[in-house]
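Chemist: My structure is stored as data-v1.cif, with mmCIF, C-alpha atoms and all ligand atoms.
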```
data_target
loop_
_atom_site.label_atom_id
_atom_site.label_comp_id
_atom_site.auth_asym_id
_atom_site.auth_seq_id
_atom_site.Cartn_x
_atom_site.Cartn_y
_atom_site.Cartn_z
CA VAL A 1422 -10.70 10.03 20.43
CA SER A 1423 -8.76 10.00 23.66
CA ARG A 1424 -5.36 8.43 23.34
CA GLN A 1425 -4.02 5.56 25.37
CA SER A 1426 -1.16 6.87 27.40
CA THR A 1427 1.92 7.40 25.27
CA SER A 1428 4.05 6.58 28.32
CA ILE A 1429 3.56 2.88 27.50
CA LEU A 1430 5.98 3.36 24.65
CA GLU A 1431 8.49 5.17 26.83
CA THR A 1432 8.66 2.27 29.27
CA LEU A 1433 9.37 -0.35 26.62
CA PRO A 1434 12.87 -1.30 25.60
CA GLU A 1435 13.83 -0.41 22.06
CA PRO A 1436 13.49 -3.53 19.93
CA ARG A 1437 16.93 -4.86 19.14
CA LEU A 1438 17.17 -6.16 15.61
CA LYS A 1439 20.18 -8.20 14.69
CA VAL A 1440 21.20 -9.70 11.39
CA ASP A 1441 22.82 -13.12 11.45
CA LYS A 1442 24.65 -12.82 8.15
CA GLU A 1443 25.92 -16.37 8.23
CA ARG A 1444 22.46 -17.89 8.36
CA GLY A 1445 20.63 -15.03 6.64
CA TRP A 1446 18.37 -14.53 9.64
CA LEU A 1447 16.86 -11.42 11.17
CA LEU A 1448 16.56 -11.61 14.95
CA GLU A 1449 14.52 -9.57 17.38
CA SER A 1450 15.55 -10.31 20.96
CA ASP A 1451 16.90 -13.68 19.77
CA SER A 1452 13.62 -14.67 18.10
CA ARG A 1453 13.78 -15.08 14.36
CA ILE A 1454 11.51 -12.71 12.46
CA ILE A 1455 11.08 -12.02 8.77
CA SER A 1456 10.35 -8.71 7.16
CA PHE A 1457 8.73 -7.44 4.02
CA ARG A 1458 7.38 -4.10 2.98
CA VAL A 1459 3.81 -3.14 3.82
CA LYS A 1460 3.16 -2.71 0.08
CA THR A 1461 4.34 -6.29 -0.53
CA PHE A 1462 2.08 -7.52 2.26
CA GLN A 1463 -0.88 -5.65 0.73
CA ALA A 1464 -0.11 -7.11 -2.71
CA PHE A 1465 -0.03 -10.58 -1.17
CA ILE A 1466 -3.47 -10.02 0.40
CA ASP A 1467 -4.84 -8.54 -2.82
CA ARG A 1468 -3.67 -11.61 -4.71
CA LEU A 1469 -5.47 -13.85 -2.25
CA ALA A 1470 -8.68 -11.83 -2.77
CA ALA A 1471 -8.25 -11.95 -6.57
CA MET A 1472 -7.79 -15.73 -6.51
CA ALA A 1473 -10.30 -16.74 -3.85
CA GLY A 1474 -12.83 -13.90 -3.99
CA SER A 1475 -13.11 -11.18 -1.40
CA GLN A 1476 -15.51 -13.10 0.88
CA VAL A 1477 -13.31 -16.18 1.09
CA ALA A 1478 -10.21 -14.01 1.48
CA ALA A 1479 -11.85 -12.10 4.33
CA THR A 1480 -12.70 -15.38 6.07
CA VAL A 1481 -9.20 -16.83 5.60
CA LEU A 1482 -7.49 -13.64 6.77
CA TYR A 1483 -9.82 -13.39 9.76
CA GLY A 1484 -8.95 -16.99 10.67
CA MET A 1485 -5.23 -16.24 10.40
CA GLY A 1486 -5.82 -13.22 12.61
CA THR A 1487 -7.54 -15.25 15.32
CA GLU A 1488 -4.42 -17.45 15.55
CA ILE A 1489 -2.25 -14.34 15.87
CA GLY A 1490 -4.58 -12.98 18.56
CA HIS A 1491 -4.53 -16.24 20.48
CA ASN A 1492 -0.72 -16.39 20.38
CA VAL A 1493 -0.34 -12.75 21.38
CA PHE A 1494 -2.65 -13.42 24.32
CA LEU A 1495 -0.48 -16.37 25.41
CA TYR A 1496 2.67 -14.30 25.55
CA ALA A 1497 1.00 -11.18 26.95
CA LYS A 1498 -1.41 -12.80 29.40
CA ASP A 1499 0.63 -11.89 32.49
CA ARG A 1500 -0.02 -8.25 31.61
CA ILE A 1501 -3.79 -8.66 31.13
CA LYS A 1502 -5.45 -8.67 34.54
CA SER A 1503 -8.77 -7.11 33.58
CA ASP A 1504 -10.77 -5.83 30.63
CA ASP A 1505 -9.19 -2.44 31.11
CA ASP A 1506 -5.80 -3.88 30.18
CA LEU A 1507 -6.97 -5.16 26.78
CA GLY A 1508 -6.70 -1.81 25.01
CA ARG A 1509 -3.36 -0.99 26.62
CA VAL A 1510 -1.81 -4.35 25.70
CA ALA A 1511 -3.27 -4.17 22.17
CA ASP A 1512 -1.66 -0.74 21.82
CA GLU A 1513 1.66 -1.98 23.16
CA VAL A 1514 1.77 -5.04 20.89
CA MET A 1515 0.67 -3.11 17.81
CA ALA A 1516 2.98 -0.15 18.38
CA THR A 1517 6.09 -2.24 19.00
CA ASN A 1518 5.50 -4.45 15.97
CA GLY A 1519 4.76 -1.77 13.41
CA TRP A 1520 1.01 -2.42 13.24
CA GLY A 1521 -0.08 1.10 14.26
CA ARG A 1522 -1.75 2.13 17.50
CA CYS A 1523 -4.80 1.14 19.51
CA LEU A 1524 -6.05 4.58 20.57
CA GLN A 1525 -9.02 3.48 22.60
CA MET A 1526 -10.92 0.45 23.85
CA THR A 1527 -14.42 0.63 25.25
CA LYS A 1528 -16.72 -2.08 26.53
CA ARG A 1529 -20.48 -2.09 26.79
CA SER A 1530 -22.87 -4.78 27.97
CA GLY A 1531 -26.58 -5.22 27.47
CA GLU A 1532 -29.26 -7.44 25.94
CA GLY A 1533 -27.25 -10.53 26.72
CA LYS A 1534 -24.11 -9.48 24.94
CA THR A 1535 -20.87 -7.69 25.60
CA VAL A 1536 -19.24 -5.60 22.89
CA TYR A 1537 -15.61 -4.46 22.91
CA THR A 1538 -14.83 -1.57 20.55
CA PHE A 1539 -11.27 -0.84 19.49
CA THR A 1540 -10.25 2.37 17.72
CA LEU A 1541 -7.07 1.89 15.71
CA SER A 1542 -4.81 4.15 13.70
CA GLY A 1543 -2.07 3.46 11.18
CA THR A 1544 -2.91 -0.15 10.39
CA PRO A 1545 -0.74 -1.77 7.70
CA PHE A 1546 -3.82 -2.83 5.70
CA SER A 1547 -5.14 0.71 5.38
CA HIS A 1548 -1.75 2.30 4.80
CA GLU A 1549 -1.88 4.53 1.70
CA ARG A 1550 -4.79 2.73 0.22
CA GLU A 1551 -8.38 3.31 -0.77
CA SER A 1552 -11.02 0.65 -0.80
CA GLY A 1553 -14.79 0.38 -1.08
CA GLU A 1554 -14.82 -2.08 1.82
CA PRO A 1555 -12.92 -2.56 5.09
CA THR A 1556 -9.48 -4.12 4.69
CA CYS A 1557 -8.25 -4.95 8.20
CA HIS A 1558 -9.45 -8.56 8.37
CA ILE A 1559 -6.33 -9.91 10.06
CA LEU A 1560 -6.63 -7.29 12.81
CA ARG A 1561 -10.34 -8.01 13.13
CA GLY A 1562 -9.43 -11.66 13.69
CA ALA A 1563 -6.54 -10.82 16.01
CA LEU A 1564 -8.80 -8.76 18.28
CA ALA A 1565 -11.53 -11.43 18.23
CA GLY A 1566 -8.94 -14.12 18.99
CA GLY A 1567 -7.10 -12.13 21.64
CA VAL A 1568 -10.17 -10.94 23.51
CA GLY A 1569 -11.80 -14.35 23.00
CA SER A 1570 -8.82 -16.02 24.67
CA PHE A 1571 -9.08 -13.61 27.59
CA VAL A 1572 -12.82 -14.13 28.14
CA ASP A 1573 -12.54 -17.80 27.15
CA LYS A 1574 -15.30 -17.57 24.56
CA LYS A 1575 -15.60 -17.59 20.81
CA ALA A 1576 -16.61 -14.19 19.43
CA LYS A 1577 -20.20 -14.11 18.23
CA ALA A 1578 -19.42 -11.40 15.71
CA CYS A 1579 -16.53 -9.16 14.80
CA VAL A 1580 -17.14 -6.25 12.45
CA GLU A 1581 -14.96 -3.43 11.20
CA LYS A 1582 -17.45 -0.57 11.46
CA GLU A 1583 -15.14 2.07 10.03
CA CYS A 1584 -11.89 1.62 8.11
CA ALA A 1585 -9.24 4.14 7.15
CA SER A 1586 -9.08 2.42 3.74
CA MET A 1587 -12.59 3.78 3.16
CA GLY A 1588 -11.67 7.32 4.11
CA ALA A 1589 -12.52 7.15 7.83
CA SER A 1590 -10.15 8.83 10.26
CA HIS A 1591 -9.60 5.57 12.16
CA CYS A 1592 -10.36 1.88 11.92
CA VAL A 1593 -13.07 0.91 14.41
CA ILE A 1594 -13.50 -2.78 15.18
CA GLU A 1595 -16.28 -4.22 17.32
CA VAL A 1596 -16.01 -7.69 18.87
CA ALA A 1597 -19.20 -9.12 20.38
CA PHE A 1598 -19.63 -12.01 22.80
CA GLU A 1599 -22.82 -13.59 24.11
ZN ZN B 1 -9.19 -0.77 8.65
#
```
So that I can check it, write out the structure of this file as structure tokens.
Modeler:
Amino acid sequence: VSRQSTSILETLPEPRLKVDKERGWLLESDSRIISFRVKTFQAFIDRLAAMAGSQVAATVLYGMGTEIGHNVFLYAKDRIKSDDDLGRVADEVMATNGWGRCLQMTKRSGEGKTVYTFTLSGTPFSHERESGEPTCHILRGALAGGVGSFVDKKAKACVEKECASMGASHCVIEVAFE
């Protein structure tokens, strides 16, 4: 896997986190954020799957992801001029928010469809965990939503072909459009 340029990270400002003790707020560049541990986040997702079943949970998490992807696209759209920028911006957004890296993005077209393939490392859903099925549903949705916003189409399919939770070296997510 060939890496996206690491220089992206060097050009970005360090995120400035501030605590507003009076209000009990955590601020990143004056936007309020909240934080919790990755293990807490995983427990929260596991609870959803235990309560709703893994299929419903996957659908709900994917839907949440598409909203994230759409919103990320809105604030990053000035930096996405072409398909080639999708992988770079995905990497930038993931890396600066603690979601891991997007190491590679490839695109192939044929038989009436276009498929974007993202190779990810260090996702929070696969962090120190083992699973019999892929776990990165929110990222699957985020990529489908983000790329979908860029191409102005709804993804026909979005599949996590390989997941680090299942012992793969990376998470590989394919988003297809007709
Ligand atoms: Zn994964």
Chemist: With all atoms listed in the file as the atoms that count, which of A:Asp1573, A:Glu1532, A:Glu1435, A:Glu1583 lies nearest to A:Pro1555?
Modeler: A:Glu1583
Chemist: At a cut-off of 8 Å and counting all atoms listed in the file, what residues surround ligand ZN 1 (chain B)? Please answer as a list in words.
Modeler: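 Protein and nucleic-acid residues within 8 Å of ligand ZN 1 (chain B): Leu1541, Thr1544, Phe1546, Ser1547, Pro1555, Thr1556, Cys1557, His1558, Glu1581, Glu1583, Cys1584, Ala1585, Ser1586, Met1587, His1591, Cys1592 and Val1593 of chain A.
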Chemist: For stretch 1478-1491 of chain A, please output as a PyMOL selection string all residues within 7 Å (counting all atoms listed in the file; exclusion window: fewer than 5 positions along the same chain).
Modeler: chain A and resi 1469-1470+1473+1558-1567+1570
Chemist: How far is it from atom CA of A:Gly1531 to atom CA of A:Asp1506, in Å with one decimal?
Modeler: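 We find that atom CA of A:Gly1531 and atom CA of A:Asp1506 lie 21.0 Å from each other.
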Chemist: When you draw a straight line from atom CA of A:Val1510 to atom CA of A:Ala1578, how long is it in Å?
Modeler: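 Computing the Euclidean distance for atom CA of A:Val1510 and atom CA of A:Ala1578 yields 21.4 Å.
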Chemist: Name all residues at most 8 Å from A:Val1580 (count only C-alpha atoms; drop same-chain ones fewer than 4 positions away) and give them as a PyMOL selection string.
Modeler: chain A and resi 1561+1594-1596
Chemist: Nearest to A:Thr1538: which of A:Gln1525, A:Gln1463, A:Thr1517, A:Ser1503 is it, counting all atoms listed in the file?
Modeler: A:Gln1525
Chemist: Please report the interatomic distance between atom CA of A:Leu1495 and atom CA of A:Ala1511 in Å with one decimal.
Modeler: 12.9 Å
Chemist: So that I can see what lies close to A:Tyr1537, please list as a list in words the residues with an atom at most 7 Å from it, counting all atoms listed in the file and leaving out residues fewer than 3 positions away in the same chain.
Modeler: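 Answer for this query is Met1526, Thr1527, Lys1528, Arg1529, Glu1595, Val1596 and Ala1597 of chain A.
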Chemist: Measuring between only C-alpha atoms, which one of A:Asp1467, A:Lys1534, A:Ser1450, A:Phe1539 shows the shortest distance to A:Lys1582?
Modeler: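 Among the listed residues, the smallest separation from A:Lys1582 belongs to A:Phe1539.
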Chemist: From the list A:Asp1504, A:Gly1553, A:Phe1457, A:Val1514, which residue is nearest A:Gly1569 when using all atoms listed in the file?
Modeler: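 Once distances to A:Gly1569 are computed over all atoms listed in the file, the minimum belongs to A:Asp1504.
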Chemist: Need the shell around A:Asp1512: protein/DNA/RNA residues with any atom at most 8 Å away, counting all atoms listed in the file. Skip same-chain ones fewer than 3 positions apart. Format as a PyMOL selection string?
Modeler: chain A and resi 1425+1508-1509+1515-1516+1521-1524
Chemist: Got a sec: who's within 10 Å of A:Arg1453, counting all atoms listed in the file, leaving out chain neighbours fewer than 5 positions off, as number ranges by chain?
Modeler: A: 1438-1441, 1446-1448
Chemist: Write the residues of the selection above to a file with C-alpha atoms, as a PDB file, keeping the file's coordinate frame.
Modeler:
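Result file is part_14.pdb:
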```pdb
ATOM      1  CA  LEU A1438      17.170  -6.160  15.610  1.00  0.00           C
ATOM      2  CA  LYS A1439      20.180  -8.200  14.690  1.00  0.00           C
ATOM      3  CA  VAL A1440      21.200  -9.700  11.390  1.00  0.00           C
ATOM      4  CA  ASP A1441      22.820 -13.120  11.450  1.00  0.00           C
ATOM      5  CA  TRP A1446      18.370 -14.530   9.640  1.00  0.00           C
ATOM      6  CA  LEU A1447      16.860 -11.420  11.170  1.00  0.00           C
ATOM      7  CA  LEU A1448      16.560 -11.610  14.950  1.00  0.00           C
TER       8      LEU A1448
END
```
Chemist: Point out the residue among A:Ala1589, A:Arg1500, A:Gly1474, A:Phe1571 with the least atom-to-atom distance to A:Gly1543, counting all atoms listed in the file.
Modeler: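 Nearest to A:Gly1543: A:Ala1589.
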Chemist: My list of candidates is A:Arg1468, A:Arg1458, A:Lys1498, A:Lys1575. Which is closest to A:Pro1545 when distances are computed with only C-alpha atoms?
Modeler: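 Among A:Arg1468, A:Arg1458, A:Lys1498, A:Lys1575, it is A:Arg1458 that comes nearest to A:Pro1545.
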Chemist: Taking the partial coordinates given, rebuild stretch 1540-1551 of chain A to contain all heavy atoms; return it as an mmCIF file, in the coordinates of the input.
Modeler:
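Once everything was written out, this is out-v7.cif:
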```cif
data_model
loop_
_atom_site.group_PDB
_atom_site.id
_atom_site.type_symbol
_atom_site.label_atom_id
_atom_site.label_comp_id
_atom_site.auth_asym_id
_atom_site.auth_seq_id
_atom_site.Cartn_x
_atom_site.Cartn_y
_atom_site.Cartn_z
ATOM 1 N N THR A 1540 -10.500 1.316 18.715
ATOM 2 C CA THR A 1540 -10.250 2.370 17.720
ATOM 3 C C THR A 1540 -8.758 2.358 17.394
ATOM 4 O O THR A 1540 -7.921 2.537 18.277
ATOM 5 C CB THR A 1540 -10.661 3.741 18.288
ATOM 6 O OG1 THR A 1540 -12.044 3.677 18.637
ATOM 7 C CG2 THR A 1540 -10.448 4.849 17.259
ATOM 8 N N LEU A 1541 -8.460 2.093 16.137
ATOM 9 C CA LEU A 1541 -7.070 1.890 15.710
ATOM 10 C C LEU A 1541 -6.637 2.962 14.714
ATOM 11 O O LEU A 1541 -7.448 3.467 13.935
ATOM 12 C CB LEU A 1541 -6.936 0.522 15.026
ATOM 13 C CG LEU A 1541 -7.553 -0.688 15.732
ATOM 14 C CD1 LEU A 1541 -7.397 -1.938 14.871
ATOM 15 C CD2 LEU A 1541 -6.927 -0.906 17.105
ATOM 16 N N SER A 1542 -5.349 3.258 14.735
ATOM 17 C CA SER A 1542 -4.810 4.150 13.700
ATOM 18 C C SER A 1542 -3.562 3.517 13.090
ATOM 19 O O SER A 1542 -2.884 2.710 13.737
ATOM 20 C CB SER A 1542 -4.446 5.513 14.293
ATOM 21 O OG SER A 1542 -3.319 5.396 15.142
ATOM 22 N N GLY A 1543 -3.314 3.874 11.834
ATOM 23 C CA GLY A 1543 -2.070 3.460 11.180
ATOM 24 C C GLY A 1543 -1.930 1.978 10.927
ATOM 25 O O GLY A 1543 -0.819 1.450 10.967
ATOM 26 N N THR A 1544 -3.026 1.293 10.640
ATOM 27 C CA THR A 1544 -2.910 -0.150 10.390
ATOM 28 C C THR A 1544 -2.197 -0.400 9.060
ATOM 29 O O THR A 1544 -2.314 0.399 8.122
ATOM 30 C CB THR A 1544 -4.295 -0.849 10.370
ATOM 31 O OG1 THR A 1544 -4.955 -0.545 9.139
ATOM 32 C CG2 THR A 1544 -5.164 -0.430 11.550
ATOM 33 N N PRO A 1545 -1.463 -1.510 8.945
ATOM 34 C CA PRO A 1545 -0.740 -1.770 7.700
ATOM 35 C C PRO A 1545 -1.675 -2.030 6.512
ATOM 36 O O PRO A 1545 -1.316 -1.770 5.367
ATOM 37 C CB PRO A 1545 0.092 -3.030 8.012
ATOM 38 C CG PRO A 1545 -0.465 -3.602 9.258
ATOM 39 C CD PRO A 1545 -1.155 -2.503 9.992
ATOM 40 N N PHE A 1546 -2.876 -2.499 6.781
ATOM 41 C CA PHE A 1546 -3.820 -2.830 5.700
ATOM 42 C C PHE A 1546 -4.436 -1.584 5.084
ATOM 43 O O PHE A 1546 -4.872 -1.602 3.939
ATOM 44 C CB PHE A 1546 -4.920 -3.755 6.250
ATOM 45 C CG PHE A 1546 -4.373 -4.881 7.058
ATOM 46 C CD1 PHE A 1546 -4.304 -4.808 8.436
ATOM 47 C CD2 PHE A 1546 -3.849 -6.001 6.424
ATOM 48 C CE1 PHE A 1546 -3.761 -5.834 9.181
ATOM 49 C CE2 PHE A 1546 -3.299 -7.033 7.161
ATOM 50 C CZ PHE A 1546 -3.243 -6.949 8.546
ATOM 51 N N SER A 1547 -4.517 -0.523 5.883
ATOM 52 C CA SER A 1547 -5.140 0.710 5.380
ATOM 53 C C SER A 1547 -4.087 1.730 4.948
ATOM 54 O O SER A 1547 -4.439 2.814 4.499
ATOM 55 C CB SER A 1547 -6.034 1.322 6.468
ATOM 56 O OG SER A 1547 -5.261 1.752 7.581
ATOM 57 N N HIS A 1548 -2.832 1.363 5.085
ATOM 58 C CA HIS A 1548 -1.750 2.300 4.800
ATOM 59 C C HIS A 1548 -1.727 2.709 3.315
ATOM 60 O O HIS A 1548 -1.593 1.853 2.433
ATOM 61 C CB HIS A 1548 -0.417 1.647 5.167
ATOM 62 C CG HIS A 1548 0.779 2.513 4.917
ATOM 63 N ND1 HIS A 1548 1.050 3.652 5.640
ATOM 64 C CD2 HIS A 1548 1.768 2.405 3.997
ATOM 65 C CE1 HIS A 1548 2.165 4.193 5.190
ATOM 66 N NE2 HIS A 1548 2.611 3.465 4.196
ATOM 67 N N GLU A 1549 -1.908 3.986 3.066
ATOM 68 C CA GLU A 1549 -1.880 4.530 1.700
ATOM 69 C C GLU A 1549 -2.729 3.739 0.727
ATOM 70 O O GLU A 1549 -2.283 3.385 -0.364
ATOM 71 C CB GLU A 1549 -0.425 4.580 1.199
ATOM 72 C CG GLU A 1549 0.415 5.591 1.965
ATOM 73 C CD GLU A 1549 1.869 5.615 1.521
ATOM 74 O OE1 GLU A 1549 2.243 4.816 0.641
ATOM 75 O OE2 GLU A 1549 2.618 6.438 2.087
ATOM 76 N N ARG A 1550 -3.934 3.399 1.180
ATOM 77 C CA ARG A 1550 -4.790 2.730 0.220
ATOM 78 C C ARG A 1550 -6.247 3.146 0.355
ATOM 79 O O ARG A 1550 -6.683 3.607 1.396
ATOM 80 C CB ARG A 1550 -4.622 1.221 0.265
ATOM 81 C CG ARG A 1550 -5.185 0.504 1.434
ATOM 82 C CD ARG A 1550 -5.023 -0.987 1.217
ATOM 83 N NE ARG A 1550 -5.856 -1.446 0.109
ATOM 84 C CZ ARG A 1550 -5.707 -2.622 -0.513
ATOM 85 N NH1 ARG A 1550 -4.733 -3.433 -0.176
ATOM 86 N NH2 ARG A 1550 -6.505 -2.991 -1.460
ATOM 87 N N GLU A 1551 -6.967 2.976 -0.738
ATOM 88 C CA GLU A 1551 -8.380 3.310 -0.770
ATOM 89 C C GLU A 1551 -9.141 2.076 -1.177
ATOM 90 O O GLU A 1551 -8.727 1.361 -2.093
ATOM 91 C CB GLU A 1551 -8.641 4.422 -1.791
ATOM 92 C CG GLU A 1551 -8.108 5.770 -1.351
ATOM 93 C CD GLU A 1551 -8.204 6.810 -2.462
ATOM 94 O OE1 GLU A 1551 -9.075 6.667 -3.351
ATOM 95 O OE2 GLU A 1551 -7.398 7.755 -2.432
#
```
